[in-house]
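Chemist: I have a structure I would like to understand better, so I am pasting it below and will then ask my questions one at a time.
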4 protein chains.
Amino acid sequence: MLRAAIIGATGVVGQEFLVSLNRHSWFEVKRIAASERSAGKKYIDAIHDKNTGIMKWHQRDPIPEYVKDMIVEPVNDIKPQDIDLVFTAIEADDAKVIEPRFAEHIPVISTASAFRNENDVPILIPGINDEQAELINIQKKNRRWKGFVVPLPNCTTTGMAITLKPILDDFGIKKVFMTSMQAVSGAGRTPGVAALDIFDNIIPYIPKEEEKVQTETMKILGTLNNGSIEPAHIKVSCTCTRAAVLDGHTETVFVETEKTCGPTEVKKSMLKYSENVSIKGLPTAPPEYIYIHDDPTRPQPRLDRNMNGGMTTVVGRLRKDPVFENGIKYVVVSHNEKMGSAKGALLLAELLKEKKYL
Amino acid sequence: MLRAAIIGATGVVGQEFLVSLNRHSWFEVKRIAASERSAGKKYIDAIHDKNTGIMKWHQRDPIPEYVKDMIVEPVNDIKPQDIDLVFTAIEADDAKVIEPRFAEHIPVISTASAFRNENDVPILIPGINDEQAELINIQKKNRRWKGFVVPLPNCTTTGMAITLKPILDDFGIKKVFMTSMQAVSGAGRTPGVAALDIFDNIIPYIPKEEEKVQTETMKILGTLNNGSIEPAHIKVSCTCTRAAVLDGHTETVFVETEKTCGPTEVKKSMLKYSENVSIKGLPTAPPEYIYIHDDPTRPQPRLDRNMNGGMTTVVGRLRKDPVFENGIKYVVVSHNEKMGSAKGALLLAELLKEKKYL
Amino acid sequence: MLRAAIIGATGVVGQEFLVSLNRHSWFEVKRIAASERSAGKKYIDAIHDKNTGIMKWHQRDPIPEYVKDMIVEPVNDIKPQDIDLVFTAIEADDAKVIEPRFAEHIPVISTASAFRNENDVPILIPGINDEQAELINIQKKNRRWKGFVVPLPNCTTTGMAITLKPILDDFGIKKVFMTSMQAVSGAGRTPGVAALDIFDNIIPYIPKEEEKVQTETMKILGTLNNGSIEPAHIKVSCTCTRAAVLDGHTETVFVETEKTCGPTEVKKSMLKYSENVSIKGLPTAPPEYIYIHDDPTRPQPRLDRNMNGGMTTVVGRLRKDPVFENGIKYVVVSHNEKMGSAKGALLLAELLKEKKYL
Amino acid sequence: MLRAAIIGATGVVGQEFLVSLNRHSWFEVKRIAASERSAGKKYIDAIHDKNTGIMKWHQRDPIPEYVKDMIVEPVNDIKPQDIDLVFTAIEADDAKVIEPRFAEHIPVISTASAFRNENDVPILIPGINDEQAELINIQKKNRRWKGFVVPLPNCTTTGMAITLKPILDDFGIKKVFMTSMQAVSGAGRTPGVAALDIFDNIIPYIPKEEEKVQTETMKILGTLNNGSIEPAHIKVSCTCTRAAVLDGHTETVFVETEKTCGPTEVKKSMLKYSENVSIKGLPTAPPEYIYIHDDPTRPQPRLDRNMNGGMTTVVGRLRKDPVFENGIKYVVVSHNEKMGSAKGALLLAELLKEKKYL
């Protein structure tokens, strides 16, 4: 059993980690850290507001027994030598300071954006660009770290990148136009999206999101050459919006391919990819990596986001694009808090362990 | 005053007509028709369920006084010679039969799709393709009608076509990718969209909608040559979705232009178009035909749909597209039940009267 | 294994039955019936619209394998001698005709209201008024039936009646004021509640609901004397509203008791009842029959409706009522489609089997 | 013209004041104050986030021209001698300090709760308890103030108190049970209610709300005797919940009356009260003070909250209560941000001016 610490354990993503790691066969949560306000308290007390009686636990699953009596520590009290790896669930600004402190000694699996754009840091989606994990060795050397930092991408990148990968492999990709309709949980909870803003509404803007998705997609689908990642030669344009949906990002994707392809070929390509995906058999891997609906009313975020515990990327409405000479369009739903966040980070940790990086 | 009949007066669109025509300075509602069930009753009784006490009136504005005591007639009892024009608010299948019966004698302004694809029928958006109204003369001749049928486009076409027109005029257009997030009111009310289906959800499919929008846009932006419309040489690809929004269709648009252009030029182009639009001064015309937000969080359907009584097309997030060599992307909100439906049809009638077609 | 038929197998409640009975240890679904339109088709085809490709399956769980190839029959083709019991998921008008036809020969567990007000028919909530099951014998004798009909109450009655029972037993009840905020799934799906009506809204009226809840509660909490049920001497007043919630009815309850009681006593009373409830150990019984939150922000329908598969009645905000000399007020959430419908009916069947009525 | 200051002019309630006072015939906004962060800026700049381009204006009406270039001041820079009255839109803790500073010199109309429970401070609903305004004289004497503070009640009290008043006058009241389904706008905007908490949900708890409503209702409906208010001898019990509604509080009310009464009598009583209400003719007074629906599906917050600019209290579902010997029950919708907040405060100022307190 590897000993893990969760940094940011009281927030929404931190809670997701606590649930996902409950009775995990490879990792054990040994230390949990949160802000000064919570530090020194038992976890169950840290999320309980004594004055109002309100319990700040935001998961559908109940609080795992193992964590209830664990003491929340200030992050600086957690010594790298006491643990084997760290999962972070914190904001980018904090991550910039905290993650290197651990990475000097041990591996850090991060849900923050702080290091995504560094040259010696891969953005890993388990099952998509595993070979970029090699960059870890260069990162360690560069920075003289014993550990390393590997971040997940932004949760909006995940579903699109996973579905583009088989298309890229089999048909080549020139251009991508994507419009996202993102769930409110993607904005977190402090304060998150106000009901007053999103009820009966669409908000057509999420700061910096489009740039992140465009850049990350090209990096993830790129190739590792001589110790650095050459971004994929794909042009990506996004419009990211917020919709009145609790969980699950929905994306409409229009793809110009190099070679001709229709819905049948693309379906076959995605399913073949799904069946042969590298992460098969890992504890948190779903039975289906990609699922494709023939029912044209699917995927829908409410009905499809929780497929296989939110770890399956669900596709539908595959059809020829009428504009591109060679092109395909489709809709994808991906669970932003599961495959796109803590559970995806856990799957990544499993992959890295299997590949001996942990 | 021209004497108008409303066919389908008890439905949502019919009610919108009744409200929009209240105290209108050019048109007077003289006859109203609805299904057999309502026929013979006073309007106020036709929309009142005596058993339950429920009033089936779906507008925010109260029922106009003038219509309360009008008798709802079976459509066949309305004689064309008693009226000067007809507004229809009925399904396509009924429209196919009913509209020609009136058009033989008098003008029919239609919100139905029945005749949109006929060669001698223009799809008119007042202010966009007024010159295509000339096709009316050919239609009358072809069909030996004294009147004619002119339909509005599908409500999803309206906002996109209005915003593409200035771009087309000033920069030329090659390709368009559009994703719509459509309001539930666009699906009507019998039964319309079930709460069970759309709460906390996106439905990524609206039957036949994408094809309609693609075809109608090219026809509307086409040119009238030798008595027939040559569709614009624009390639359009849409993905139409239903969102948890009451009113107002939101659309993300990616446009490849012939000439180079940036947000500043396109904003200028749209505003210039808006200022010089043909319909200025008509009773139902809005002070601003197109409005452009600089605030990146706009347009939002709840905040922007009702601008100028729902008659303004509201644009925002104008920015250079990173994929096309020459391209622009933006978001548009258009009120599907106002400019996109009954009020748009009324504005069209005003335009046709000004141009002496009525 | 008892052989069961589901009447109304393609509707929402029917689908709930199919899922709940999947791999059940006591009952096996042997026959399924639905309307003429579906009859003769495989189940998987009956719920699949070939023209549009849409699958009319409304459960979160996938379609159970066992039912996919079963043939949907017209109800008249199902012979009572081929089965041991019937679950009905049909409208009251149909139930009036269909249920007696089966009850003549075999037991009918009903979710319809058709027979609830008959003198020789008990309305059973498993765990609350099991002793009223004795009325079954009188019903059989009266009607010369070999089988019988036992209905569940209206789904709005369930949560309130379950929570009133321990209070009645321990402190006596004089008056009850209840306001419900009911989920849209309670109105079914054809057509159900339109999004246009309930978004950003409360509808303060559900036809006949208040009268049903008032009458049923008194009957359920009444006593069986000399072969008939004497309603409880409780006065109940309800206001039933529809809220923008998918599943789970929330009810605020104000109770005037005979004896003095405070939140501590009532909590104790409810928990004691829950621990000793008769249905413990039945296959569909939840580990907790009643659960009580101390967190004042609970119960919430979205967070609490699915506790123990929707079979637990969840209570919170227990506090002394400031108006009554002796009184308590609280909030209750009960899953209208689980304990309040098909799964509650299954639990009832289990209870009746244990008591040898099946 | 009286010169007014708005304290808290950048918040939601402050903005409501700015809109309501636009072109008012009696009052003119001369000074506006907000937090340090905004102080010194033009109003239009204070609500504009330069970094993101986002405009923090939360009203449907556009920003009134008159305020755009006004300078936002720190509250301490506003001298009482420069103005004639103050409207406050601030939190209770700030109000405790700021309101007396102004009240020493000039009248303060407050939307805050800071002084509601003081013995020499009336809680005024214009049209309901105007005679309690006399307490102002005692307050001034007690505190040696030239001005005074008069608060509105909590927005949840308003609709209920307005509808109870005619019942109290005509039939007497013993007990009241009320359940509220409150709009999210009632919780303000910083941070207000998170979408993650209220989508597809009911939150059954609003801290301190029930106590406020119970106490305020009794004070408002009480009588002024010898310089102090004797609370009405009414017992009130509330359960206050938050619903997925943007604006407009819906309340179900069960009333035990002294004398017998039915829906017809109560309707008559309310309408008579409405017709003779004291505030008739004031600039902000609605044509109908109370409106009563016969349609049992009304009032609904989305359809009824904006009646007469949100100043009408809308009632429906009047029916005899089956539990009380003499009793009535009904549903009421009141706009929490209009009659229940800034616009109600403005109406109160108009009343006080007419009565020469200003």
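If you're wondering about the labels, chains in the structure tokens are A, B, ... by order shown, residues count from 1 in each chain, ligands from 1 in order shown.
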DSSP on the backbone, then: every residue of range 26-66 of chain B marked strand (DSSP E), written as a PDB file with N, CA and C atoms, in the first residue's frame.

Modeler:
```pdb
ATOM      1  N   PHE B  27     -53.243  47.385 -38.194  1.00  0.00           N
ATOM      2  CA  PHE B  27     -54.018  46.150 -38.351  1.00  0.00           C
ATOM      3  C   PHE B  27     -55.006  45.979 -37.201  1.00  0.00           C
ATOM      4  N   GLU B  28     -56.136  45.385 -37.542  1.00  0.00           N
ATOM      5  CA  GLU B  28     -57.143  45.133 -36.517  1.00  0.00           C
ATOM      6  C   GLU B  28     -57.553  43.667 -36.599  1.00  0.00           C
ATOM      7  N   VAL B  29     -57.555  42.978 -35.474  1.00  0.00           N
ATOM      8  CA  VAL B  29     -57.963  41.568 -35.480  1.00  0.00           C
ATOM      9  C   VAL B  29     -59.478  41.503 -35.580  1.00  0.00           C
ATOM     10  N   LYS B  30     -59.958  40.945 -36.678  1.00  0.00           N
ATOM     11  CA  LYS B  30     -61.400  40.905 -36.904  1.00  0.00           C
ATOM     12  C   LYS B  30     -61.967  39.507 -36.702  1.00  0.00           C
ATOM     13  N   ARG B  31     -61.162  38.503 -36.958  1.00  0.00           N
ATOM     14  CA  ARG B  31     -61.662  37.130 -36.850  1.00  0.00           C
ATOM     15  C   ARG B  31     -60.576  36.267 -36.214  1.00  0.00           C
ATOM     16  N   ILE B  32     -60.995  35.323 -35.409  1.00  0.00           N
ATOM     17  CA  ILE B  32     -60.043  34.392 -34.797  1.00  0.00           C
ATOM     18  C   ILE B  32     -60.557  32.964 -34.975  1.00  0.00           C
ATOM     19  N   ALA B  33     -59.648  32.061 -35.315  1.00  0.00           N
ATOM     20  CA  ALA B  33     -60.037  30.666 -35.511  1.00  0.00           C
ATOM     21  C   ALA B  33     -59.191  29.762 -34.637  1.00  0.00           C
TER      22      ALA B  33
END
```

Chemist: Quick one: which chain C residues come within 7 Å of chain A, and what is the nearest atom pair for each with the distance in Å to one decimal, counting only C-alpha atoms, rows ordered by chain and ascending number, as JSON lines?

Modeler:
```
{"residue": "C:Gly53", "atom": "CA", "partner": "A:Asp295", "partner_atom": "CA", "distance": 5.0}
{"residue": "C:Ile54", "atom": "CA", "partner": "A:Asp295", "partner_atom": "CA", "distance": 5.0}
{"residue": "C:Met55", "atom": "CA", "partner": "A:Asp295", "partner_atom": "CA", "distance": 6.4}
{"residue": "C:Arg60", "atom": "CA", "partner": "A:Leu303", "partner_atom": "CA", "distance": 6.7}
{"residue": "C:Asp295", "atom": "CA", "partner": "A:Ile54", "partner_atom": "CA", "distance": 5.0}
{"residue": "C:Pro296", "atom": "CA", "partner": "A:Gly53", "partner_atom": "CA", "distance": 6.3}
{"residue": "C:Thr297", "atom": "CA", "partner": "A:Ile54", "partner_atom": "CA", "distance": 6.4}
{"residue": "C:Leu303", "atom": "CA", "partner": "A:Arg60", "partner_atom": "CA", "distance": 6.7}
```

Chemist: Within 12 Å of Ile128 in chain C, counting only C-alpha atoms, which residues qualify if same-chain residues fewer than 3 places away don't, as a count of residues only?

Modeler: 36

Chemist: Looking at only C-alpha atoms, which of D:Arg3, D:Lys212, D:Glu91, D:Pro283 is the one that sits closest to Thr190 in chain D?

Modeler: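 The shortest atom-to-atom distance to Thr190 in chain D comes from D:Glu91.
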